[in-house]
Every structure is written in C-alpha cells, then in structure tokens.
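Chemist: I have a structure here, written as structure tokens, and I will follow up with some questions on it.
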Amino acid sequence: MRVRAVPAEATYELRRQVLRQGAPDAEVALVGDVDPGAFHLALADDEGRLVAVASAHPAPTEHRPGRRWWRVRGMAVEPGHQGRGLGAVLLEAVVTRARDLGAEGVWAAGRDPALGFYRRQGWTVEGEGYLAAGGLPHHTVLLDLVATGPGAAPVSMSGDRPGGEAGAPSGRSDPAGDEES
Ligand SMILES: CC(C)(COP(=O)(O)OP(=O)(O)OC[C@H]1O[C@@H](n2cnc3c(N)ncnc32)[C@H](O)[C@@H]1OP(=O)(O)O)[C@@H](O)C(=O)NCCC(=O)NCCS
C-alpha cells in the first residue's frame, strides 16, 4: 500500500467509523482541517477503499511554547486492518511531511488506549491526563523533530518558511483538553 494525499472530506467516513463509533450525526470535520498548512494522508486497499487516515495542521503546543509544531489529528485505521503496521506507516509519513513543511515537532491529543502505539513510534507522553470533549481520557503525546534543549538555536516564528504563511502556527490557543484526537 502506498501513502497518498487526500482531501479532508475523504477522511470523514473512516473518522466516523473508527473515532466516532459510527454515529451518523457525529461531527467528523475537525478544526484545522482547512488550515492552509493542513494535509491529509491515507492508505487504501486493493479496491481503492481507504483503510487508514491521518491528518495534521500547524498548531502550537503549550509543551513547547513559541515553537513551530504540527498537530496530528484523526489517526484512524479500519478495525479489520489494525495491528498490521498500517498505523505506523501512516504516522511516519505524517511526521515526514510535517518535517518537510518546517515542523519542529509534532503532537497529538492521544487517547489513553492508543498511548502505547505512539510510544512504540518513539513519541513521549507529557503532562497530566485529561478528559476531552467526548469524555474519553487523553494525554498529550509528542515527538521533537529538532533539538530544543539548552544551546539549541531559537527559531524565527514568521516569514522564514518556503511558500509563505502556512508554516506559522494558526494562532489558535492550544486546544489540548478541549477537543478529541
Ligand atoms: C491506534 C491505531 C491508529 C494504531 O494503528 P495500527 O495500524 O493498529 O497499529 P500498527 O499495527 O501500525 O502498530 C505499530 C506498533 O504499535 C503497537 N501498537 C499498536 N496499537 C497499540 C496500542 N493501542 N497500544 C500499544 N501498542 C500498540 C503495535 O503492537 C506495533 O508494535 P510493533 O512495532 O512492536 O509491532 C489503530 O489501532 C486505531 O485506529 N485505533 C482506534 C482509533 C484510535 O485510537 N486512534 C488514535 C487516536 S489518538
């Protein structure tokens, strides 16, 4: 299977099925889907049916203030295809794309049952747990893509991204705790 870029709307059915328990009236569009820096990636089966989707958009995290980070959203693998490595392939592709766009790191509001998946891909869990809007327990998971410790050079937050404005954080406040993954 090859990772492909898809429009946000193409992810909706899998988001509904996997992340919203199939609820027909569930909100499946996510804040950030239409951000100029957003992208949506997918894996499809032999019939072209999407079986894994993930999205990302620029969004700051309180865990790395002042840094240019991307937030991963809507990570979902169709139940019959889970546990076969598709999630790992897709998450790696998301990380690579975000890095190419200038991300200094990526983060997500990780559902507690999925934290082991992120850890397995080298992400870390930071901060206190919280209940997201849907009432599910979450933790922030993140992956640094550049050194940010003592001695690391500060990074300009504006005007230095190829292609213009899309690399800057969207200006929204950090939504961790407000929204589901
Ligand atoms: C979580 C999810 C995206 C993982 O995708 P997947 O295709 O099933 O995972 P993979 O097969 O690529 O697993 C990669 C590795 O992570 C491990 N892993 C996967 N899910 C895990 C979990 N929930 N807990 C601990 N480890 C997990 C696998 O064992 C595998 O380890 P390995 O490298 O030693 O073989 C997928 O199961 C899913 O969509 N779950 C329901 C929705 C969800 O929770 N989404 C995330 C919201 S934050």
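The way I read the labels, and the way they are meant: chains A, B, ... in the order of the structure tokens, residue 1 as the first residue of every chain, and ligand 1 as the first ligand shown, with later ones counted on from there.
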List as a ChimeraX atom specification the protein and nucleic acid residues lying within 10 Å of ligand 1, with only C-alpha atoms and all ligand atoms counted.
Modeler: /A:14-15,17-21,51-54,72-92,108-121,138-141,180-181
Chemist: Excluding region 41-46 of chain A and any residue of its chain fewer than 2 positions from it, enumerate the residues within 9 Å of it, using only C-alpha atoms, and give them as a list in words.
Modeler: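 So the residues in contact are Met1, Arg2, Val3, Arg4, Ala5, Val6, Pro7, Ala8, Ala10, Thr11, Phe39, Gly48, Arg49, Leu50, Val51, Ala52, Val53, Ala54, Ser55, Ala56, Leu86, Leu90, Ala93 and Val94 of chain A.
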Chemist: Dump N, CA and C atoms for the selected residues as a PDB file, in the first residue's frame?
Modeler:
ATOM      1  N   MET A   1       0.848  -1.201   0.000  1.00  0.00           N
ATOM      2  CA  MET A   1       0.000   0.000   0.000  1.00  0.00           C
ATOM      3  C   MET A   1       0.877   1.242   0.000  1.00  0.00           C
ATOM      4  N   ARG A   2       0.422   2.230  -0.744  1.00  0.00           N
ATOM      5  CA  ARG A   2       1.169   3.464  -0.854  1.00  0.00           C
ATOM      6  C   ARG A   2       0.430   4.595  -0.141  1.00  0.00           C
ATOM      7  N   VAL A   3       1.170   5.417   0.569  1.00  0.00           N
ATOM      8  CA  VAL A   3       0.545   6.568   1.220  1.00  0.00           C
ATOM      9  C   VAL A   3       0.187   7.593   0.160  1.00  0.00           C
ATOM     10  N   ARG A   4      -1.042   8.102   0.232  1.00  0.00           N
ATOM     11  CA  ARG A   4      -1.460   9.131  -0.725  1.00  0.00           C
ATOM     12  C   ARG A   4      -2.069  10.326   0.018  1.00  0.00           C
ATOM     13  N   ALA A   5      -1.943  11.474  -0.602  1.00  0.00           N
ATOM     14  CA  ALA A   5      -2.599  12.662  -0.057  1.00  0.00           C
ATOM     15  C   ALA A   5      -4.051  12.661  -0.525  1.00  0.00           C
ATOM     16  N   VAL A   6      -4.957  13.009   0.387  1.00  0.00           N
ATOM     17  CA  VAL A   6      -6.385  13.036   0.064  1.00  0.00           C
ATOM     18  C   VAL A   6      -6.984  14.338   0.596  1.00  0.00           C
ATOM     19  N   PRO A   7      -8.147  14.732   0.070  1.00  0.00           N
ATOM     20  CA  PRO A   7      -8.816  15.896   0.656  1.00  0.00           C
ATOM     21  C   PRO A   7      -9.406  15.545   2.026  1.00  0.00           C
ATOM     22  N   ALA A   8      -9.621  16.550   2.843  1.00  0.00           N
ATOM     23  CA  ALA A   8     -10.142  16.313   4.200  1.00  0.00           C
ATOM     24  C   ALA A   8     -11.407  15.463   4.171  1.00  0.00           C
ATOM     25  N   ALA A  10     -12.356  13.150   2.352  1.00  0.00           N
ATOM     26  CA  ALA A  10     -12.148  11.718   2.103  1.00  0.00           C
ATOM     27  C   ALA A  10     -11.890  10.955   3.401  1.00  0.00           C
ATOM     28  N   THR A  11     -11.503  11.674   4.455  1.00  0.00           N
ATOM     29  CA  THR A  11     -11.194  11.005   5.726  1.00  0.00           C
ATOM     30  C   THR A  11     -12.433  10.833   6.602  1.00  0.00           C
ATOM     31  N   PHE A  39      -2.668  18.948   6.031  1.00  0.00           N
ATOM     32  CA  PHE A  39      -2.620  17.903   4.998  1.00  0.00           C
ATOM     33  C   PHE A  39      -3.278  16.644   5.552  1.00  0.00           C
ATOM     34  N   GLY A  48      -9.208   0.343  -3.620  1.00  0.00           N
ATOM     35  CA  GLY A  48      -9.160   1.798  -3.517  1.00  0.00           C
ATOM     36  C   GLY A  48      -9.911   2.356  -2.323  1.00  0.00           C
ATOM     37  N   ARG A  49     -10.425   1.465  -1.472  1.00  0.00           N
ATOM     38  CA  ARG A  49     -11.148   1.908  -0.278  1.00  0.00           C
ATOM     39  C   ARG A  49     -10.139   2.347   0.784  1.00  0.00           C
ATOM     40  N   LEU A  50     -10.344   3.524   1.366  1.00  0.00           N
ATOM     41  CA  LEU A  50      -9.404   3.996   2.385  1.00  0.00           C
ATOM     42  C   LEU A  50      -9.521   3.134   3.641  1.00  0.00           C
ATOM     43  N   VAL A  51      -8.380   2.673   4.141  1.00  0.00           N
ATOM     44  CA  VAL A  51      -8.381   1.822   5.333  1.00  0.00           C
ATOM     45  C   VAL A  51      -7.583   2.446   6.479  1.00  0.00           C
ATOM     46  N   ALA A  52      -6.901   3.535   6.213  1.00  0.00           N
ATOM     47  CA  ALA A  52      -6.174   4.245   7.270  1.00  0.00           C
ATOM     48  C   ALA A  52      -6.058   5.714   6.867  1.00  0.00           C
ATOM     49  N   VAL A  53      -6.346   6.593   7.803  1.00  0.00           N
ATOM     50  CA  VAL A  53      -6.260   8.029   7.522  1.00  0.00           C
ATOM     51  C   VAL A  53      -5.599   8.749   8.693  1.00  0.00           C
ATOM     52  N   ALA A  54      -4.984   9.861   8.387  1.00  0.00           N
ATOM     53  CA  ALA A  54      -4.435  10.741   9.423  1.00  0.00           C
ATOM     54  C   ALA A  54      -4.254  12.121   8.810  1.00  0.00           C
ATOM     55  N   SER A  55      -4.386  13.111   9.645  1.00  0.00           N
ATOM     56  CA  SER A  55      -4.283  14.500   9.195  1.00  0.00           C
ATOM     57  C   SER A  55      -3.334  15.241  10.124  1.00  0.00           C
ATOM     58  N   ALA A  56      -2.910  16.413   9.685  1.00  0.00           N
ATOM     59  CA  ALA A  56      -2.080  17.256  10.553  1.00  0.00           C
ATOM     60  C   ALA A  56      -2.205  18.697  10.096  1.00  0.00           C
ATOM     61  N   LEU A  86      -0.091  -0.688   9.557  1.00  0.00           N
ATOM     62  CA  LEU A  86      -0.527   0.448   8.727  1.00  0.00           C
ATOM     63  C   LEU A  86      -0.455   1.763   9.487  1.00  0.00           C
ATOM     64  N   LEU A  90       1.637   5.072   8.322  1.00  0.00           N
ATOM     65  CA  LEU A  90       0.967   6.350   8.083  1.00  0.00           C
ATOM     66  C   LEU A  90       1.501   7.446   9.017  1.00  0.00           C
ATOM     67  N   ALA A  93       4.701   8.688   7.793  1.00  0.00           N
ATOM     68  CA  ALA A  93       4.526   9.568   6.629  1.00  0.00           C
ATOM     69  C   ALA A  93       4.063  10.958   7.056  1.00  0.00           C
ATOM     70  N   VAL A  94       3.203  11.007   8.058  1.00  0.00           N
ATOM     71  CA  VAL A  94       2.736  12.301   8.573  1.00  0.00           C
ATOM     72  C   VAL A  94       3.910  13.075   9.172  1.00  0.00           C
TER      73      VAL A  94
END
Chemist: Could you pull the residues within 7 Å of Ala38 (chain A), counting only C-alpha atoms, minus those fewer than 5 positions along the same chain, as a list in words?
Modeler: Gly32, Asp33, Ala56, His57 and Pro58 of chain A
Chemist: Run DSSP on the backbone and give me the residues of chain A it puts in strand (DSSP E or B), as a PyMOL selection string.
Modeler: chain A and resi 4-5+39-44+50-58+69-77+105-111+124-131+137-144
Chemist: Could you work out how far CA of Glu9 (chain A) lies from CA of Arg99 (chain A), giving the answer in Å with one decimal?
Modeler: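 Distance between the two atoms: 23.6 Å.
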Chemist: Neighbours of Glu27 (chain A) within 10 Å (only C-alpha atoms; same-chain residues fewer than 3 positions away dropped), as a PDB file with N, CA and C atoms, in the first residue's frame?
Modeler:
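Written out: selection17.pdb:
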ATOM      1  N   TYR A  12     -13.500  11.509   6.235  1.00  0.00           N
ATOM      2  CA  TYR A  12     -14.630  11.616   7.158  1.00  0.00           C
ATOM      3  C   TYR A  12     -15.245  10.260   7.532  1.00  0.00           C
ATOM      4  N   ARG A  15     -13.000   8.355   9.880  1.00  0.00           N
ATOM      5  CA  ARG A  15     -13.051   9.023  11.196  1.00  0.00           C
ATOM      6  C   ARG A  15     -14.343   8.653  11.925  1.00  0.00           C
ATOM      7  N   ARG A  16     -15.458   8.679  11.177  1.00  0.00           N
ATOM      8  CA  ARG A  16     -16.747   8.382  11.809  1.00  0.00           C
ATOM      9  C   ARG A  16     -16.766   6.947  12.337  1.00  0.00           C
ATOM     10  N   ARG A  20     -15.671   7.810  16.000  1.00  0.00           N
ATOM     11  CA  ARG A  20     -16.972   8.297  16.469  1.00  0.00           C
ATOM     12  C   ARG A  20     -17.985   7.163  16.565  1.00  0.00           C
ATOM     13  N   ALA A  23     -21.341   6.826  14.590  1.00  0.00           N
ATOM     14  CA  ALA A  23     -22.533   7.670  14.784  1.00  0.00           C
ATOM     15  C   ALA A  23     -22.798   8.513  13.542  1.00  0.00           C
ATOM     16  N   PRO A  24     -23.985   8.360  12.923  1.00  0.00           N
ATOM     17  CA  PRO A  24     -24.244   9.044  11.652  1.00  0.00           C
ATOM     18  C   PRO A  24     -24.228  10.564  11.780  1.00  0.00           C
ATOM     19  N   LEU A  30     -12.810  18.457  11.500  1.00  0.00           N
ATOM     20  CA  LEU A  30     -12.022  18.898  12.648  1.00  0.00           C
ATOM     21  C   LEU A  30     -11.538  20.323  12.431  1.00  0.00           C
TER      22      LEU A  30
END
Chemist: If you measure from CA of Arg97 (chain A) to CA of Asp35 (chain A), what distance in Å do you get, rounded to one decimal?
Modeler: 15.2 Å
Chemist: Run DSSP on the backbone and tell me which residues of region 12-175 of chain A come out as helix (DSSP H, G or I); list them as a ChimeraX atom specification.
Modeler: /A:12-19,79-81,86-100,112-120,165-167
